[in-house]
file final10.cif (mmCIF, C-alpha atoms)
data_query
#
loop_
_atom_site.label_atom_id
_atom_site.label_comp_id
_atom_site.auth_asym_id
_atom_site.auth_seq_id
_atom_site.Cartn_x
_atom_site.Cartn_y
_atom_site.Cartn_z
CA MET S 1 -14.54 7.11 21.32
CA SER S 2 -14.94 10.66 22.54
CA VAL S 3 -11.59 11.30 24.14
CA ASP S 4 -11.79 14.07 26.71
CA ALA S 5 -8.42 15.59 26.06
CA GLY S 6 -8.46 17.53 29.33
CA THR S 7 -7.78 14.58 31.61
CA PRO S 8 -5.24 12.21 30.15
CA GLY S 9 -4.72 10.32 33.39
CA PRO S 10 -2.35 7.37 33.54
CA ALA S 11 -5.18 4.85 33.83
CA HIS S 12 -6.97 6.35 30.86
CA ARG S 13 -3.78 6.31 28.81
CA LEU S 14 -3.07 2.74 29.81
CA ARG S 15 -6.49 1.67 28.58
CA HIS S 16 -5.79 3.25 25.22
CA GLN S 17 -2.36 1.66 25.00
CA LEU S 18 -3.59 -1.77 26.02
CA PRO S 19 -3.85 -3.31 22.52
CA LEU S 20 -0.35 -2.11 21.75
CA LEU S 21 0.94 -3.58 25.02
CA VAL S 22 -0.68 -6.94 24.35
CA TRP S 23 0.75 -6.99 20.83
CA LEU S 24 4.27 -6.19 22.08
CA VAL S 25 4.13 -8.89 24.74
CA LEU S 26 2.90 -11.35 22.12
CA VAL S 27 5.73 -10.48 19.71
CA TRP S 28 8.28 -10.77 22.51
CA ASN S 29 7.03 -14.23 23.45
CA LEU S 30 6.87 -15.37 19.84
CA LEU S 31 10.44 -14.20 19.31
CA TRP S 32 11.63 -16.25 22.27
CA GLY S 33 9.75 -19.17 20.83
CA THR S 34 8.95 -20.86 24.11
CA TRP S 35 6.31 -20.11 26.68
CA SER S 36 7.39 -19.41 30.24
CA TRP S 37 6.51 -17.03 33.05
CA ALA S 38 9.93 -15.41 32.79
CA ASN S 39 9.28 -14.58 29.15
CA LEU S 40 5.86 -13.21 29.94
CA ILE S 41 7.04 -10.96 32.76
CA SER S 42 10.10 -9.69 30.90
CA GLY S 43 7.84 -9.11 27.89
CA VAL S 44 5.48 -6.98 29.97
CA LEU S 45 8.41 -4.98 31.32
CA VAL S 46 9.85 -4.40 27.84
CA ALA S 47 6.43 -3.45 26.47
CA LEU S 48 5.85 -0.95 29.29
CA ALA S 49 9.30 0.54 28.75
CA VAL S 50 8.71 0.87 25.02
CA THR S 51 5.29 2.50 25.37
CA LEU S 52 6.47 4.89 28.08
CA LEU S 53 9.77 5.89 26.49
CA LEU S 54 8.53 6.01 22.89
CA PRO S 55 4.92 7.13 23.16
CA LEU S 56 2.75 7.06 20.05
CA PRO S 57 -0.32 9.20 19.48
CA PRO S 58 -3.44 7.23 20.36
CA VAL S 59 -5.51 5.80 17.54
CA VAL S 60 -8.69 7.82 17.47
CA GLY S 61 -11.95 5.94 17.22
CA GLY S 62 -11.04 2.47 18.38
CA ALA S 63 -11.82 -0.35 16.01
CA ARG S 64 -14.79 -2.57 16.54
CA VAL S 65 -14.54 -5.89 14.80
CA ARG S 66 -17.49 -7.60 13.14
CA PRO S 67 -16.65 -11.30 12.78
CA VAL S 68 -18.66 -12.07 9.66
CA ALA S 69 -17.50 -8.99 7.77
CA LEU S 70 -13.95 -9.62 8.97
CA VAL S 71 -13.98 -13.13 7.55
CA ARG S 72 -15.31 -11.76 4.27
CA PHE S 73 -12.58 -9.13 4.17
CA LEU S 74 -9.84 -11.62 5.03
CA GLY S 75 -11.13 -14.15 2.50
CA HIS S 76 -11.13 -11.55 -0.25
CA PHE S 77 -7.73 -10.34 0.86
CA VAL S 78 -6.09 -13.75 0.71
CA TYR S 79 -7.71 -14.45 -2.65
CA ASP S 80 -6.54 -11.07 -3.98
CA LEU S 81 -3.06 -11.59 -2.58
CA ILE S 82 -2.63 -14.92 -4.36
CA LYS S 83 -4.19 -13.59 -7.55
CA SER S 84 -2.04 -10.48 -7.65
CA GLY S 85 1.16 -12.37 -6.87
CA ALA S 86 0.50 -14.80 -9.68
CA LEU S 87 -0.64 -12.05 -12.06
CA VAL S 88 2.35 -9.77 -11.54
CA ALA S 89 4.70 -12.75 -11.73
CA TRP S 90 3.16 -13.69 -15.07
CA GLN S 91 3.33 -10.11 -16.34
CA THR S 92 7.00 -10.14 -15.43
CA VAL S 93 7.99 -13.29 -17.27
CA ARG S 94 5.73 -13.14 -20.31
CA PRO S 95 7.57 -11.97 -23.42
CA ARG S 96 5.61 -8.81 -24.12
CA GLY S 97 5.86 -7.57 -20.56
CA ILE S 98 3.53 -4.83 -19.45
CA ASP S 99 1.72 -2.35 -21.61
CA ARG S 100 0.68 1.03 -20.21
CA SER S 101 0.38 2.17 -16.63
CA ALA S 102 -1.93 4.75 -15.10
CA ILE S 103 -2.06 7.02 -12.09
CA ILE S 104 -5.58 7.59 -10.83
CA THR S 105 -7.14 9.38 -7.90
CA VAL S 106 -10.09 7.88 -6.06
CA GLN S 107 -12.50 9.80 -3.88
CA LEU S 108 -12.95 7.83 -0.68
CA ARG S 109 -15.86 8.00 1.72
CA THR S 110 -14.33 6.97 5.01
CA ASP S 111 -12.74 9.51 7.33
CA SER S 112 -10.80 7.53 9.91
CA ASP S 113 -7.04 7.23 10.20
CA LEU S 114 -7.17 3.59 11.20
CA LEU S 115 -9.47 2.53 8.37
CA LEU S 116 -7.47 4.48 5.81
CA THR S 117 -4.30 2.79 7.02
CA ILE S 118 -5.80 -0.68 6.70
CA LEU S 119 -7.20 0.23 3.29
CA ALA S 120 -3.91 1.59 1.97
CA GLU S 121 -1.99 -1.45 3.20
CA SER S 122 -4.37 -3.91 1.64
CA LEU S 123 -4.69 -1.96 -1.61
CA THR S 124 -0.97 -2.17 -2.20
CA LEU S 125 -1.14 -5.95 -1.98
CA VAL S 126 -4.18 -6.48 -4.21
CA PRO S 127 -3.92 -6.76 -8.00
CA GLY S 128 -2.64 -3.88 -10.03
CA SER S 129 -2.72 -1.02 -7.59
CA MET S 130 -0.16 0.68 -5.38
CA VAL S 131 -0.81 3.69 -3.19
CA ILE S 132 1.31 6.71 -4.07
CA ASP S 133 -0.39 9.52 -2.25
CA LEU S 134 -3.11 10.06 0.31
CA ASP S 135 -4.71 13.46 0.65
CA ARG S 136 -6.06 13.23 4.18
CA GLU S 137 -8.20 16.35 4.05
CA ARG S 138 -9.92 15.70 0.76
CA ARG S 139 -9.95 11.95 1.36
CA THR S 140 -8.51 11.19 -2.04
CA LEU S 141 -6.16 8.36 -2.73
CA GLY S 142 -3.54 8.46 -5.48
CA LEU S 143 -2.89 5.04 -6.94
CA HIS S 144 -0.52 3.68 -9.52
CA ILE S 145 -2.03 0.98 -11.71
CA LEU S 146 0.47 -1.41 -13.20
CA HIS S 147 -1.29 -2.55 -16.34
CA VAL S 148 -4.16 -0.89 -18.17
CA VAL S 149 -5.28 -1.20 -21.76
CA ASP S 150 -8.05 1.38 -22.02
CA GLU S 151 -10.32 3.63 -20.00
CA GLY S 152 -12.51 0.66 -19.07
CA ASP S 153 -9.67 -0.86 -17.09
CA VAL S 154 -9.19 2.38 -15.20
CA GLU S 155 -12.86 2.51 -14.23
CA ALA S 156 -12.84 -1.16 -13.24
CA GLN S 157 -9.87 -0.50 -11.00
CA ARG S 158 -11.62 2.47 -9.43
CA ALA S 159 -14.67 0.33 -8.71
CA SER S 160 -12.52 -2.38 -7.12
CA VAL S 161 -10.88 0.20 -4.86
CA LEU S 162 -14.28 1.35 -3.67
CA ALA S 163 -15.38 -2.24 -3.11
CA GLU S 164 -12.27 -2.88 -1.04
CA GLU S 165 -13.01 0.25 0.97
CA GLU S 166 -16.51 -1.00 1.65
CA ARG S 167 -15.23 -4.35 2.88
CA VAL S 168 -12.71 -2.68 5.19
CA VAL S 169 -15.30 -0.30 6.63
CA ARG S 170 -17.85 -3.06 7.13
CA ALA S 171 -15.25 -5.15 8.96
CA PHE S 172 -13.75 -2.48 11.21
CA GLY S 173 -15.81 0.69 11.00
CA SER S 174 -18.29 2.24 13.40
CA PRO S 175 -21.99 2.42 12.48
CA ASP S 176 -21.56 6.06 11.45
CA GLU S 177 -18.86 5.17 9.00
CA ILE S 178 -20.91 2.37 7.52
CA ALA S 179 -23.78 4.80 7.06
CA ALA S 180 -21.39 7.23 5.37
CA LEU S 181 -20.74 4.64 2.67
CA ASP S 182 -24.13 5.29 1.16
CA LEU S 183 -24.43 9.05 1.11
CA ALA S 184 -20.95 10.34 0.37
CA PRO S 185 -20.86 10.65 -3.44
CA GLY S 186 -22.57 14.01 -3.06
CA GLU S 187 -19.29 15.38 -1.76
CA ARG S 188 -17.47 14.72 -4.99
CA SER S 189 -17.73 18.31 -6.18
CA HIS S 190 -15.05 19.36 -3.74
CA GLY S 191 -12.51 16.63 -4.15
CA ALA S 192 -12.72 15.57 -7.77
CA GLY S 193 -12.80 19.03 -9.29
CA ARG S 194 -9.80 19.72 -11.48
CA ARG S 195 -7.79 22.76 -10.55
CA THR S 196 -8.58 25.29 -13.24
CA PRO S 197 -7.12 28.78 -13.32
CA MET T 1 8.19 -45.12 3.61
CA SER T 2 4.54 -45.02 2.80
CA VAL T 3 2.81 -42.49 0.64
CA MET T 4 1.12 -40.86 3.62
CA GLU T 5 4.46 -40.18 5.26
CA ALA T 6 5.94 -38.69 2.12
CA LEU T 7 2.98 -36.42 1.44
CA PRO T 8 3.93 -33.56 3.80
CA ASP T 9 7.45 -33.52 2.43
CA VAL T 10 6.22 -33.36 -1.14
CA LEU T 11 3.84 -30.57 -0.25
CA ALA T 12 6.59 -28.65 1.56
CA VAL T 13 8.97 -29.01 -1.37
CA ALA T 14 6.31 -27.86 -3.81
CA LEU T 15 5.52 -24.78 -1.72
CA LEU T 16 9.19 -23.91 -1.25
CA LEU T 17 9.90 -24.20 -4.96
CA LEU T 18 6.85 -22.14 -5.88
CA GLY T 19 7.85 -19.49 -3.36
CA THR T 20 11.40 -19.23 -4.66
CA LEU T 21 10.05 -19.03 -8.20
CA LEU T 22 7.86 -16.08 -7.23
CA CYS T 23 10.80 -14.35 -5.55
CA LEU T 24 12.78 -14.90 -8.74
CA THR T 25 10.10 -13.20 -10.80
CA ALA T 26 10.22 -10.29 -8.36
CA GLY T 27 13.91 -9.89 -9.13
CA LEU T 28 13.23 -10.31 -12.84
CA GLY T 29 10.58 -7.60 -12.66
CA LEU T 30 13.12 -5.18 -11.25
CA LEU T 31 15.17 -5.71 -14.40
CA ARG T 32 12.41 -5.78 -16.97
CA PHE T 33 9.97 -3.10 -15.84
CA PRO T 34 10.55 0.41 -17.18
CA ASP T 35 10.47 2.73 -14.16
CA VAL T 36 10.49 2.97 -10.39
CA LEU T 37 6.74 2.78 -9.90
CA THR T 38 6.27 -0.38 -11.93
CA ARG T 39 9.33 -1.93 -10.34
CA MET T 40 7.79 -1.39 -6.94
CA HIS T 41 4.84 -3.50 -8.06
CA ALA T 42 7.21 -6.33 -8.85
CA GLY T 43 9.00 -5.79 -5.55
CA THR T 44 5.89 -6.11 -3.42
CA LYS T 45 3.30 -8.53 -4.73
CA PRO T 46 5.10 -11.62 -6.03
CA GLN T 47 7.75 -11.17 -3.39
CA VAL T 48 5.31 -11.09 -0.47
CA LEU T 49 3.41 -14.08 -1.82
CA GLY T 50 6.70 -15.91 -2.39
CA VAL T 51 7.85 -15.30 1.16
CA LEU T 52 4.47 -16.43 2.50
CA LEU T 53 4.63 -19.67 0.50
CA ILE T 54 8.18 -20.32 1.69
CA MET T 55 7.02 -19.75 5.28
CA VAL T 56 4.17 -22.23 4.88
CA GLY T 57 6.46 -24.78 3.30
CA ALA T 58 9.03 -24.38 6.06
CA ALA T 59 6.32 -24.63 8.72
CA ILE T 60 5.23 -27.98 7.28
CA ARG T 61 8.77 -29.26 7.10
CA LEU T 62 10.17 -27.97 10.42
CA GLN T 63 9.30 -29.68 13.66
CA GLY T 64 8.26 -27.87 16.79
CA TRP T 65 6.05 -24.90 17.52
CA SER T 66 8.78 -22.38 18.28
CA ALA T 67 9.92 -22.35 14.66
CA THR T 68 6.33 -22.02 13.50
CA TRP T 69 5.72 -18.98 15.67
CA MET T 70 8.84 -17.36 14.32
CA LEU T 71 7.71 -18.02 10.74
CA LEU T 72 4.31 -16.55 11.55
CA LEU T 73 5.98 -13.38 12.82
CA VAL T 74 8.11 -13.12 9.69
CA ALA T 75 5.01 -13.45 7.53
CA ALA T 76 3.06 -10.86 9.52
CA PHE T 77 5.84 -8.28 9.45
CA GLN T 78 6.48 -8.93 5.79
CA MET T 79 2.86 -8.13 5.00
CA LEU T 80 2.90 -5.04 7.20
CA THR T 81 6.18 -3.51 6.05
CA ALA T 82 6.42 -4.32 2.34
CA PRO T 83 3.48 -2.07 1.32
CA VAL T 84 4.73 0.78 3.48
CA SER T 85 8.26 0.76 2.08
CA ALA T 86 6.94 0.43 -1.47
CA HIS T 87 4.62 3.36 -0.84
CA MET T 88 7.40 5.56 0.54
CA ILE T 89 9.76 4.83 -2.33
CA SER T 90 7.14 5.33 -5.02
CA ARG T 91 5.91 8.53 -3.40
CA VAL T 92 9.41 9.98 -3.43
CA ALA T 93 9.91 8.75 -6.97
CA TYR T 94 6.70 10.42 -8.09
CA ARG T 95 7.55 13.72 -6.46
CA ARG T 96 11.05 13.67 -7.91
CA ARG T 97 9.43 12.86 -11.26
CA HIS T 98 11.16 9.55 -11.84
CA VAL T 99 8.14 8.58 -13.89
CA ARG T 100 8.00 7.47 -17.48
CA ARG T 101 5.11 9.64 -18.59
CA ASP T 102 5.15 8.16 -22.05
CA ARG T 103 4.07 4.87 -20.48
CA LEU T 104 1.12 6.38 -18.61
CA LEU T 105 -2.39 6.19 -19.99
CA VAL T 106 -3.79 8.74 -17.55
CA ASP T 107 -2.31 10.70 -14.69
CA GLU T 108 -5.00 12.22 -12.52
CA LEU T 109 -2.63 13.20 -9.74
CA HIS T 110 -0.63 15.52 -11.93
CA THR T 111 -1.85 19.10 -11.66
CA GLY T 112 -0.24 21.99 -13.43
CA GLY T 113 3.11 22.16 -15.15
CA GLU T 114 2.06 20.10 -18.16
CA MET T 115 3.61 22.61 -20.52
CA ARG T 116 7.00 22.46 -18.91
CA ASP T 117 6.99 18.69 -18.91
CA SER T 118 7.15 18.44 -22.67
CA VAL T 119 10.82 19.29 -22.78
CA TYR T 120 11.69 16.56 -20.32
CA ARG T 121 11.80 12.92 -21.16
CA GLY T 122 10.00 12.24 -17.92
CA ASP T 123 12.47 10.00 -16.14
CA GLU T 124 14.79 12.31 -14.28
CA PRO T 125 14.92 14.31 -11.06
CA ALA T 126 13.11 17.62 -10.99
CA ASP T 127 16.36 19.59 -10.96
CA ALA T 128 17.83 17.79 -13.96
CA PRO T 129 18.77 19.90 -16.96
CA PRO T 130 16.23 19.78 -19.80
CA GLU T 131 16.78 17.38 -22.63
CA GLU T 132 16.31 19.98 -25.35
CA PRO T 133 17.86 23.15 -23.95
CA GLY T 134 16.81 25.28 -26.92
CA ARG T 135 13.12 24.42 -26.61
CA ALA T 136 13.24 24.75 -22.84
CA LEU T 137 14.65 28.26 -23.21
CA VAL T 138 11.94 29.26 -25.67
CA GLU T 139 9.22 27.88 -23.40
CA SER T 140 10.57 29.56 -20.31
CA ARG T 141 10.76 32.90 -22.19
CA ARG T 142 7.15 32.48 -23.26
CA GLU T 143 6.17 31.76 -19.66
CA ASP T 144 7.98 34.86 -18.53
CA LEU T 145 5.94 36.88 -21.00
CA ASP T 146 2.60 35.25 -20.26
CA GLY T 147 3.11 34.70 -16.58
CA PRO T 148 2.97 31.24 -15.02
CA PRO T 149 -0.31 29.46 -15.71
CA ASP T 150 -1.59 29.29 -12.14
CA ALA T 151 -0.08 32.42 -10.60
CA GLY T 152 -2.80 34.59 -12.15
CA GLY T 153 -0.29 36.91 -13.79
CA ARG T 154 -2.04 38.42 -16.76
CA GLN T 155 -5.46 36.90 -16.99
CA PRO T 156 -7.86 38.19 -19.57
CA SER T 157 -11.00 39.79 -18.10
#
call {"tool": "encode", "arguments": {"input": "final10.cif", "output": "structure tokens"}}
result
Amino acid sequence: MSVDAGTPGPAHRLRHQLPLLVWLVLVWNLLWGTWSWANLISGVLVALAVTLLLPLPPVVGGARVRPVALVRFLGHFVYDLIKSGALVAWQTVRPRGIDRSAIITVQLRTDSDLLLTILAESLTLVPGSMVIDLDRERRTLGLHILHVVDEGDVEAQRASVLAEEERVVRAFGSPDEIAALDLAPGERSHGAGRRTP
Amino acid sequence: MSVMEALPDVLAVALLLLGTLLCLTAGLGLLRFPDVLTRMHAGTKPQVLGVLLIMVGAAIRLQGWSATWMLLLVAAFQMLTAPVSAHMISRVAYRRRHVRRDRLLVDELHTGGEMRDSVYRGDEPADAPPEEPGRALVESRREDLDGPPDAGGRQPS
């Protein structure tokens, strides 16, 4: 967690890059399609070359995975994915098409790059919403909602975004971030205030 | 050929057909929906689900693990990249104001500039000429007199 930025030794950096390395080796082997030692070793070489030549900033606050919450998140995600695919497909083919859209902002409670990335990715695939903008400092998310009828729909969508955020944080977040889920609405005054002259 | 042998094939065919149907609706949505943002919805959700169903169907039908791994990779990258590209396109579209504001119920992201928007139809780049040049001229003259709304030009008090 607490990265001492003063000593970025090679071993330390390697430990941070390890998940990326494993993922690259895995992709390389899956692309070859067959398992062999030659594939594994060449995969490791390619992964090392990629991470050394094209370094990425390390992901701060490594993820910890909670199995039960992860299964809950994945279950909801697959259900939402199927539901939204079917729903949007139906809205496309039905004669009256779609009605009105909306652009809403949602005040989030989590403050981690990794969690926000997972959240934004999954929100785009769940029913109705698509991420347009993410204000990292105020932690607000700008979403486009495909189909709304009245204000009630907008509020329902906002609630579902917050529920999705809670599932993501409970699956991947640190204890601090889970605790932040409960107390954050007090911060609304800063983020949700309209800009008035 | 017994029923049990035919069952995987039937399942695979059903999944493939369903997947292609969903991809077709994604293309249809691009034609039928009114603006960029709504079209991006059609381009992500049914399309991703369609590709996933096709992958599952192909995995049932194809023999051998190597093909299955490849299909798994396609599915994973599809789910990782489709939201990102949709987000980038819709973000640019929003900033360039390719948005049909008449089809929006609320727009909480939009701050300032409401007055100037009224002379635009709301589906053109920001540097496009106004639709009603006469009204745009009158409004811009009024803004010159009053000062822009958020620059604090001539505030009372």
call {"tool": "resolve_selection", "arguments": {"input": "final10.cif", "expression": "the PyMOL selection byres ((chain T) within 7 of (chain S))", "output": "PDB file with C-alpha atoms, keeping the file's coordinate frame"}}
result
ATOM      1  CA  LEU T  22       7.860 -16.080  -7.230  1.00  0.00           C
ATOM      2  CA  THR T  25      10.100 -13.200 -10.800  1.00  0.00           C
ATOM      3  CA  ALA T  26      10.220 -10.290  -8.360  1.00  0.00           C
ATOM      4  CA  LEU T  28      13.230 -10.310 -12.840  1.00  0.00           C
ATOM      5  CA  GLY T  29      10.580  -7.600 -12.660  1.00  0.00           C
ATOM      6  CA  THR T  38       6.270  -0.380 -11.930  1.00  0.00           C
ATOM      7  CA  ALA T  42       7.210  -6.330  -8.850  1.00  0.00           C
ATOM      8  CA  LYS T  45       3.300  -8.530  -4.730  1.00  0.00           C
ATOM      9  CA  PRO T  46       5.100 -11.620  -6.030  1.00  0.00           C
ATOM     10  CA  LEU T  49       3.410 -14.080  -1.820  1.00  0.00           C
ATOM     11  CA  SER T  66       8.780 -22.380  18.280  1.00  0.00           C
ATOM     12  CA  ALA T  67       9.920 -22.350  14.660  1.00  0.00           C
ATOM     13  CA  TRP T  69       5.720 -18.980  15.670  1.00  0.00           C
ATOM     14  CA  MET T  70       8.840 -17.360  14.320  1.00  0.00           C
ATOM     15  CA  PRO T  83       3.480  -2.070   1.320  1.00  0.00           C
ATOM     16  CA  HIS T  87       4.620   3.360  -0.840  1.00  0.00           C
ATOM     17  CA  SER T  90       7.140   5.330  -5.020  1.00  0.00           C
ATOM     18  CA  ARG T  91       5.910   8.530  -3.400  1.00  0.00           C
ATOM     19  CA  ARG T 103       4.070   4.870 -20.480  1.00  0.00           C
ATOM     20  CA  LEU T 104       1.120   6.380 -18.610  1.00  0.00           C
ATOM     21  CA  LEU T 105      -2.390   6.190 -19.990  1.00  0.00           C
ATOM     22  CA  VAL T 106      -3.790   8.740 -17.550  1.00  0.00           C
ATOM     23  CA  ASP T 107      -2.310  10.700 -14.690  1.00  0.00           C
ATOM     24  CA  GLU T 108      -5.000  12.220 -12.520  1.00  0.00           C
ATOM     25  CA  LEU T 109      -2.630  13.200  -9.740  1.00  0.00           C
ATOM     26  CA  ASP T 150      -1.590  29.290 -12.140  1.00  0.00           C
TER      27      ASP T 150
END
call {"tool": "atom_distance", "arguments": {"input": "final10.cif", "atom1": "atom CA of T:Leu30", "atom2": "atom CA of T:Leu16"}}
result
21.6 Å
call {"tool": "closest_residue", "arguments": {"input": "final10.cif", "among": "S:Ala159, S:Ser112, S:Pro67, S:Arg136", "to": "S:Ile178", "atoms": "all atoms listed in the file"}}
result
S:Ser112
call {"tool": "atom_distance", "arguments": {"input": "final10.cif", "atom1": "atom CA of S:Trp37", "atom2": "atom CA of S:Val22"}}
result
15.1 Å
call {"tool": "atom_distance", "arguments": {"input": "final10.cif", "atom1": "atom CA of T:Val56", "atom2": "atom CA of T:Leu17"}}
result
11.6 Å
call {"tool": "residues_around", "arguments": {"input": "final10.cif", "residues": "stretch 49-53 of chain S", "least_positions_apart": "2", "cutoff": "10 Å", "atoms": "all atoms listed in the file", "output": "PDB file with C-alpha atoms, keeping the file's coordinate frame"}}
result
ATOM      1  CA  LEU S  14      -3.070   2.740  29.810  1.00  0.00           C
ATOM      2  CA  GLN S  17      -2.360   1.660  25.000  1.00  0.00           C
ATOM      3  CA  LEU S  18      -3.590  -1.770  26.020  1.00  0.00           C
ATOM      4  CA  LEU S  20      -0.350  -2.110  21.750  1.00  0.00           C
ATOM      5  CA  LEU S  21       0.940  -3.580  25.020  1.00  0.00           C
ATOM      6  CA  LEU S  24       4.270  -6.190  22.080  1.00  0.00           C
ATOM      7  CA  GLY S  43       7.840  -9.110  27.890  1.00  0.00           C
ATOM      8  CA  VAL S  44       5.480  -6.980  29.970  1.00  0.00           C
ATOM      9  CA  LEU S  45       8.410  -4.980  31.320  1.00  0.00           C
ATOM     10  CA  VAL S  46       9.850  -4.400  27.840  1.00  0.00           C
ATOM     11  CA  ALA S  47       6.430  -3.450  26.470  1.00  0.00           C
ATOM     12  CA  PRO S  55       4.920   7.130  23.160  1.00  0.00           C
ATOM     13  CA  LEU S  56       2.750   7.060  20.050  1.00  0.00           C
TER      14      LEU S  56
END
call {"tool": "resolve_selection", "arguments": {"input": "final10.cif", "expression": "the PyMOL selection byres ((chain S and resi 110) around 8)", "output": "NGL selection string"}}
result
:S and (108-109 or 111-112 or 115-116 or 139 or 165 or 169 or 177 or 180-181)
call {"tool": "closest_residue", "arguments": {"input": "final10.cif", "among": "T:Val138, T:Leu7, T:Val13, T:Ala76", "to": "T:Ala58", "atoms": "only C-alpha atoms"}}
result
T:Val13
call {"tool": "closest_residue", "arguments": {"input": "final10.cif", "among": "S:Arg138, S:Arg167, S:Arg96, S:Arg66", "to": "S:Leu119", "atoms": "only C-alpha atoms"}}
result
S:Arg167
call {"tool": "resolve_selection", "arguments": {"input": "final10.cif", "expression": "the PyMOL selection byres ((chain S and resi 172) around 7)", "output": "PDB file with C-alpha atoms, keeping the file's coordinate frame"}}
result
ATOM      1  CA  ALA S  63     -11.820  -0.350  16.010  1.00  0.00           C
ATOM      2  CA  ARG S  64     -14.790  -2.570  16.540  1.00  0.00           C
ATOM      3  CA  VAL S  65     -14.540  -5.890  14.800  1.00  0.00           C
ATOM      4  CA  ARG S  66     -17.490  -7.600  13.140  1.00  0.00           C
ATOM      5  CA  VAL S 168     -12.710  -2.680   5.190  1.00  0.00           C
ATOM      6  CA  VAL S 169     -15.300  -0.300   6.630  1.00  0.00           C
ATOM      7  CA  ARG S 170     -17.850  -3.060   7.130  1.00  0.00           C
ATOM      8  CA  ALA S 171     -15.250  -5.150   8.960  1.00  0.00           C
ATOM      9  CA  GLY S 173     -15.810   0.690  11.000  1.00  0.00           C
ATOM     10  CA  SER S 174     -18.290   2.240  13.400  1.00  0.00           C
TER      11      SER S 174
END
